[in-house]
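Asker: Structure incoming, see below.
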Amino acid sequence: MIDRSAATKPTGWNSFWFAPVPTSVLHRLRFLIGLVLCGWILSFAGYQEAFFSLDGWFDRAAYVETNRPDAPPPVPIGWSIFYLAGSNRGLFDALYWGSLAIVGLFTLGLATCITGILTWVVVVSFLANPASSYDADFLLGIFAFYLMIGYALLGFWSGHLSPLEYVLGPNDAFVLRRWLGERRVRAASLSYAANVTLRLVQIHFAIIVITSGLHKLQMADWWAGVALWYPLHPPLQTTADQLMQERGTATVTLWFLSLIQYIALAWQITFPAFAWRGGRWRVVLIGGAVLGWLGCFFVLGLPLFGPIYLIGCLSYLSADEWQRTAGRFGSRFGASAAKPARATPADPHKIKVGSK
């Protein structure tokens with residue numbers, strides 16, 4: 001007698017890509033990225049016209065000059081919704097604050113299929129100006145792109161979502177859904193689309209991390225162990241008196257800085273070896289991201305880079321790991337009022353797949 005259930009169990013590569021996971025994992029990732037996006041957009045408030053309008057620091061003449069074939073720009077220049085405003089200040093401000101409202105709705109989980117697409121358009125528009133963009137900003141565009149794809153496919157084939165939920169977003173995606181009352185809250189469903197989206201995010205992020213580490217090997221400062229010395233001693237801020245005061249401990253200071261940077265370099269280069277492992281390896285994954293956040297903030301002066309790295313590392317956590325982590329810190333990041341299904345996703349005959 002043939003065991004049909006065993007024949008359909010996803011294993012190996014199929015399990016990696018096509019085993020359904022609770023949609024709550026995708027919702028938490030969206031919520032965290034949304035918070036960073038809102039803070040990123042708000043950081044330009046008061047100077048948005050100078051940064052992004054065609055009459056700002058990078059004006060029409062600059063765009064024409066950088067688009068010359070013989071003078072390619074240092075970073076890609078794309079289309080932006082702010083170009084629609086031209087020199088109309090009122091329309092420009094409406095587009096700016098409207099962009100913040102769209103990202104806010106996506107963060108809350110409202111009309112995610114629609115606001116997800118619009119959020120990606122907003123992020124790309126803010127990245128269009130090379131005068132205000134930084135390397136870390138492009139990571140936001142990557143996350144926004146995959147989240148847009150994930151929410152566009154969520155429940156697309158299975159018909160699990162009602163027409164109203166396609167417009168207003170899945171019930172379990174709404175961060176403030178507890179206000180609706182428990183009777184109207186549905187438990188987080190299992191989704192193939194959520195798993196594929198998370199896997200794409202994980203693989204792309206792993207490529208970015210290891211490429212960043214390999215890129216550092218092209219710089220002499222990282223081989224010499226002095227890469228962290230210069231950010232801690234900015235040339236235009238460090239005085240001769242400060243250097244003389246540190247002269248007595250310079251050897252010890254450089255030894256510790258070298259040790260820290262070599263550990264950080266090893267963490268990046270070996271990232272794929274532990275990123276998908278559970279257990280104590282999660283301490284290496286999350287602990288390294290937290291330490292990297294602190295280093296980016298206090299040493300490199302990059303407040304945005306650290307949170308993005310941490311969220312990228314959190315994308316590797318399973319639903320159970322998210323639940324345990326949220327419980328420890330007293331926050332559920334929008335976790336469902338009802339616990340997700342406990343059946344193993346390896347046996348599709350014992351679970352109810354809510355969405356693809």
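Lettering and numbering for the structure tokens are positional, with chains as A, B, ... in the shown order, residues counted from 1 in each chain, and ligands counted from 1 in the shown order.
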Wanna dump the region 208-323 of chain A-region 131-151 of chain A contacts at 9 Å for me, each residue with its shortest atom pair and the distance in Å to one decimal, counting only C-alpha atoms, ordered by chain and number, as CSV?

Answerer:
residue,atom,partner,partner_atom,distance
A:Leu302,CA,A:Ala136,CA,8.8
A:Leu304,CA,A:Ala136,CA,7.0
A:Phe305,CA,A:Ala136,CA,5.4
A:Ile308,CA,A:Leu139,CA,7.3
A:Tyr309,CA,A:Leu139,CA,8.9
A:Gly312,CA,A:Phe143,CA,8.7

Asker: Extract, using only C-alpha atoms, all DNA, RNA and protein residues at most 12 Å from Ser43 (chain A), discarding same-chain residues fewer than 6 positions from it, and format them as a count of residues only.

Answerer: 9

Asker: Quick one: everything within 12 Å of region 249-259 of chain A, counting only C-alpha atoms, minus sequence neighbours fewer than 4 positions away in the same chain. Send it as a PyMOL selection string.

Answerer: chain A and resi 221-232+242-245+263-266+295+299

Asker: Counting only C-alpha atoms, which of A:Gly301, A:Pro170, A:Ala128, A:Phe274 gets nearest to Ile114 (chain A)?

Answerer: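 Comparing A:Gly301, A:Pro170, A:Ala128, A:Phe274 against Ile114 (chain A), the winner is A:Pro170.
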
Asker: If you run DSSP on this backbone, which residues of region 220-277 of chain A come out as helix (DSSP H, G or I), and could you give them as a PyMOL selection string?

Answerer: chain A and resi 220-224+229-232+240-245+247-269+271-275

Asker: CA of Trp97 (chain A) and CA of Phe297 (chain A) are how many Å apart?

Answerer: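 About the pair CA of Trp97 (chain A) and CA of Phe297 (chain A): they are 27.3 Å apart.
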
Asker: Find the residues near Asp93 (chain A): any atom within 12 Å, counting only C-alpha atoms, skip ones fewer than 6 places away on the same chain, and give them as a PDB file with N, CA, C and O atoms, in the first residue's frame.

Answerer:
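Final output, saved to result.pdb:
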ATOM      1  N   PHE A  44      14.020  63.763   6.840  1.00  0.00           N
ATOM      2  CA  PHE A  44      14.180  64.826   5.843  1.00  0.00           C
ATOM      3  C   PHE A  44      13.189  65.964   6.050  1.00  0.00           C
ATOM      4  O   PHE A  44      13.236  66.956   5.306  1.00  0.00           O
ATOM      5  N   ALA A  45      12.280  65.834   7.010  1.00  0.00           N
ATOM      6  CA  ALA A  45      11.238  66.838   7.219  1.00  0.00           C
ATOM      7  C   ALA A  45      11.854  68.203   7.513  1.00  0.00           C
ATOM      8  O   ALA A  45      12.781  68.338   8.312  1.00  0.00           O
ATOM      9  N   GLY A  46      11.313  69.209   6.860  1.00  0.00           N
ATOM     10  CA  GLY A  46      11.827  70.561   7.004  1.00  0.00           C
ATOM     11  C   GLY A  46      12.826  70.922   5.918  1.00  0.00           C
ATOM     12  O   GLY A  46      13.048  72.107   5.648  1.00  0.00           O
ATOM     13  N   TYR A  47      13.466  69.906   5.337  1.00  0.00           N
ATOM     14  CA  TYR A  47      14.450  70.143   4.272  1.00  0.00           C
ATOM     15  C   TYR A  47      14.139  69.294   3.046  1.00  0.00           C
ATOM     16  O   TYR A  47      15.005  69.099   2.187  1.00  0.00           O
ATOM     17  N   GLN A  48      12.898  68.806   2.983  1.00  0.00           N
ATOM     18  CA  GLN A  48      12.560  67.887   1.890  1.00  0.00           C
ATOM     19  C   GLN A  48      12.696  68.527   0.511  1.00  0.00           C
ATOM     20  O   GLN A  48      13.119  67.873  -0.462  1.00  0.00           O
ATOM     21  N   GLU A  49      12.369  69.797   0.403  1.00  0.00           N
ATOM     22  CA  GLU A  49      12.470  70.447  -0.906  1.00  0.00           C
ATOM     23  C   GLU A  49      13.930  70.601  -1.332  1.00  0.00           C
ATOM     24  O   GLU A  49      14.277  70.401  -2.503  1.00  0.00           O
ATOM     25  N   ALA A  50      14.802  70.924  -0.377  1.00  0.00           N
ATOM     26  CA  ALA A  50      16.226  71.067  -0.704  1.00  0.00           C
ATOM     27  C   ALA A  50      16.838  69.742  -1.136  1.00  0.00           C
ATOM     28  O   ALA A  50      17.727  69.708  -1.996  1.00  0.00           O
ATOM     29  N   PHE A  52      15.052  66.879  -2.400  1.00  0.00           N
ATOM     30  CA  PHE A  52      14.429  66.049  -3.429  1.00  0.00           C
ATOM     31  C   PHE A  52      13.750  66.798  -4.569  1.00  0.00           C
ATOM     32  O   PHE A  52      13.399  66.174  -5.572  1.00  0.00           O
ATOM     33  N   SER A  53      13.524  68.082  -4.452  1.00  0.00           N
ATOM     34  CA  SER A  53      12.827  68.771  -5.532  1.00  0.00           C
ATOM     35  C   SER A  53      13.788  69.117  -6.659  1.00  0.00           C
ATOM     36  O   SER A  53      15.013  69.127  -6.490  1.00  0.00           O
ATOM     37  N   ILE A  81       8.651  60.304  -7.965  1.00  0.00           N
ATOM     38  CA  ILE A  81       7.323  60.923  -7.976  1.00  0.00           C
ATOM     39  C   ILE A  81       7.421  62.421  -7.729  1.00  0.00           C
ATOM     40  O   ILE A  81       6.527  63.186  -8.120  1.00  0.00           O
ATOM     41  N   PHE A  82       8.506  62.872  -7.112  1.00  0.00           N
ATOM     42  CA  PHE A  82       8.654  64.296  -6.828  1.00  0.00           C
ATOM     43  C   PHE A  82       8.909  65.111  -8.089  1.00  0.00           C
ATOM     44  O   PHE A  82       8.743  66.330  -8.081  1.00  0.00           O
ATOM     45  N   LEU A  84       7.046  65.015 -10.530  1.00  0.00           N
ATOM     46  CA  LEU A  84       5.722  65.438 -10.981  1.00  0.00           C
ATOM     47  C   LEU A  84       5.370  66.833 -10.477  1.00  0.00           C
ATOM     48  O   LEU A  84       4.570  67.531 -11.103  1.00  0.00           O
ATOM     49  N   ALA A  85       5.960  67.222  -9.346  1.00  0.00           N
ATOM     50  CA  ALA A  85       5.623  68.520  -8.763  1.00  0.00           C
ATOM     51  C   ALA A  85       6.286  69.679  -9.498  1.00  0.00           C
ATOM     52  O   ALA A  85       5.784  70.813  -9.462  1.00  0.00           O
ATOM     53  N   GLY A  86       7.395  69.413 -10.177  1.00  0.00           N
ATOM     54  CA  GLY A  86       8.097  70.506 -10.843  1.00  0.00           C
ATOM     55  C   GLY A  86       8.521  71.565  -9.839  1.00  0.00           C
ATOM     56  O   GLY A  86       9.210  71.273  -8.857  1.00  0.00           O
ATOM     57  N   SER A  87       8.097  72.796 -10.060  1.00  0.00           N
ATOM     58  CA  SER A  87       8.405  73.899  -9.145  1.00  0.00           C
ATOM     59  C   SER A  87       7.225  74.257  -8.254  1.00  0.00           C
ATOM     60  O   SER A  87       7.251  75.288  -7.566  1.00  0.00           O
ATOM     61  N   SER A  99       3.503  60.454   0.870  1.00  0.00           N
ATOM     62  CA  SER A  99       4.405  59.299   0.880  1.00  0.00           C
ATOM     63  C   SER A  99       4.555  58.746   2.290  1.00  0.00           C
ATOM     64  O   SER A  99       4.531  57.522   2.503  1.00  0.00           O
ATOM     65  N   LEU A 100       4.684  59.630   3.258  1.00  0.00           N
ATOM     66  CA  LEU A 100       4.784  59.189   4.648  1.00  0.00           C
ATOM     67  C   LEU A 100       3.506  58.486   5.088  1.00  0.00           C
ATOM     68  O   LEU A 100       3.548  57.469   5.796  1.00  0.00           O
TER      69      LEU A 100
END

Asker: Using only C-alpha atoms, find the one residue out of A:Trp57, A:Ile311, A:Leu153, A:Phe205 that sits nearest to Tyr192 (chain A).

Answerer: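 Nearest candidate to Tyr192 (chain A) out of A:Trp57, A:Ile311, A:Leu153, A:Phe205: A:Leu153.
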
Asker: So how many Å separate CA of Gly104 (chain A) and CA of Ala275 (chain A), to one decimal?

Answerer: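 Distance reported for this atom pair: 29.9 Å.
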
Asker: May I ask for the distance between CA of Arg30 (chain A) and CA of Thr107 (chain A), given in Å to one decimal place?

Answerer: 6.3 Å

Asker: Quick one: residues within 9 Å of Gln268 (chain A), only C-alpha atoms counted, chain neighbours fewer than 5 positions away excluded, as an MDAnalysis selection string?

Answerer: chainID A and resid 206 209:214 263

Asker: Go ahead and write the residues just picked, N, CA, C and O atoms, as a compact mmCIF listing (two decimals), in the first residue's frame.

Answerer:
# COMPACT_ATOMS: atom_id res chain seq x y z
N ALA A 206 22.12 37.63 2.58
CA ALA A 206 23.36 36.89 2.79
C ALA A 206 24.40 37.26 1.74
O ALA A 206 25.59 37.38 2.05
N VAL A 209 25.85 40.64 2.71
CA VAL A 209 26.76 40.58 3.86
C VAL A 209 28.12 40.02 3.46
O VAL A 209 29.17 40.60 3.78
N ILE A 210 28.12 38.89 2.77
CA ILE A 210 29.40 38.27 2.42
C ILE A 210 30.14 39.11 1.37
O ILE A 210 31.38 39.20 1.41
N THR A 211 29.41 39.76 0.47
CA THR A 211 30.07 40.64 -0.51
C THR A 211 30.70 41.83 0.18
O THR A 211 31.80 42.28 -0.19
N SER A 212 30.02 42.36 1.19
CA SER A 212 30.58 43.47 1.96
C SER A 212 31.87 43.05 2.65
O SER A 212 32.85 43.82 2.69
N GLY A 213 31.88 41.84 3.20
CA GLY A 213 33.09 41.35 3.84
C GLY A 213 34.23 41.16 2.86
O GLY A 213 35.38 41.54 3.12
N LEU A 214 33.94 40.57 1.72
CA LEU A 214 34.97 40.36 0.70
C LEU A 214 35.48 41.69 0.13
O LEU A 214 36.66 41.82 -0.23
N ILE A 263 37.11 40.21 13.97
CA ILE A 263 35.92 39.43 14.35
C ILE A 263 34.73 39.83 13.47
O ILE A 263 33.98 38.97 12.99
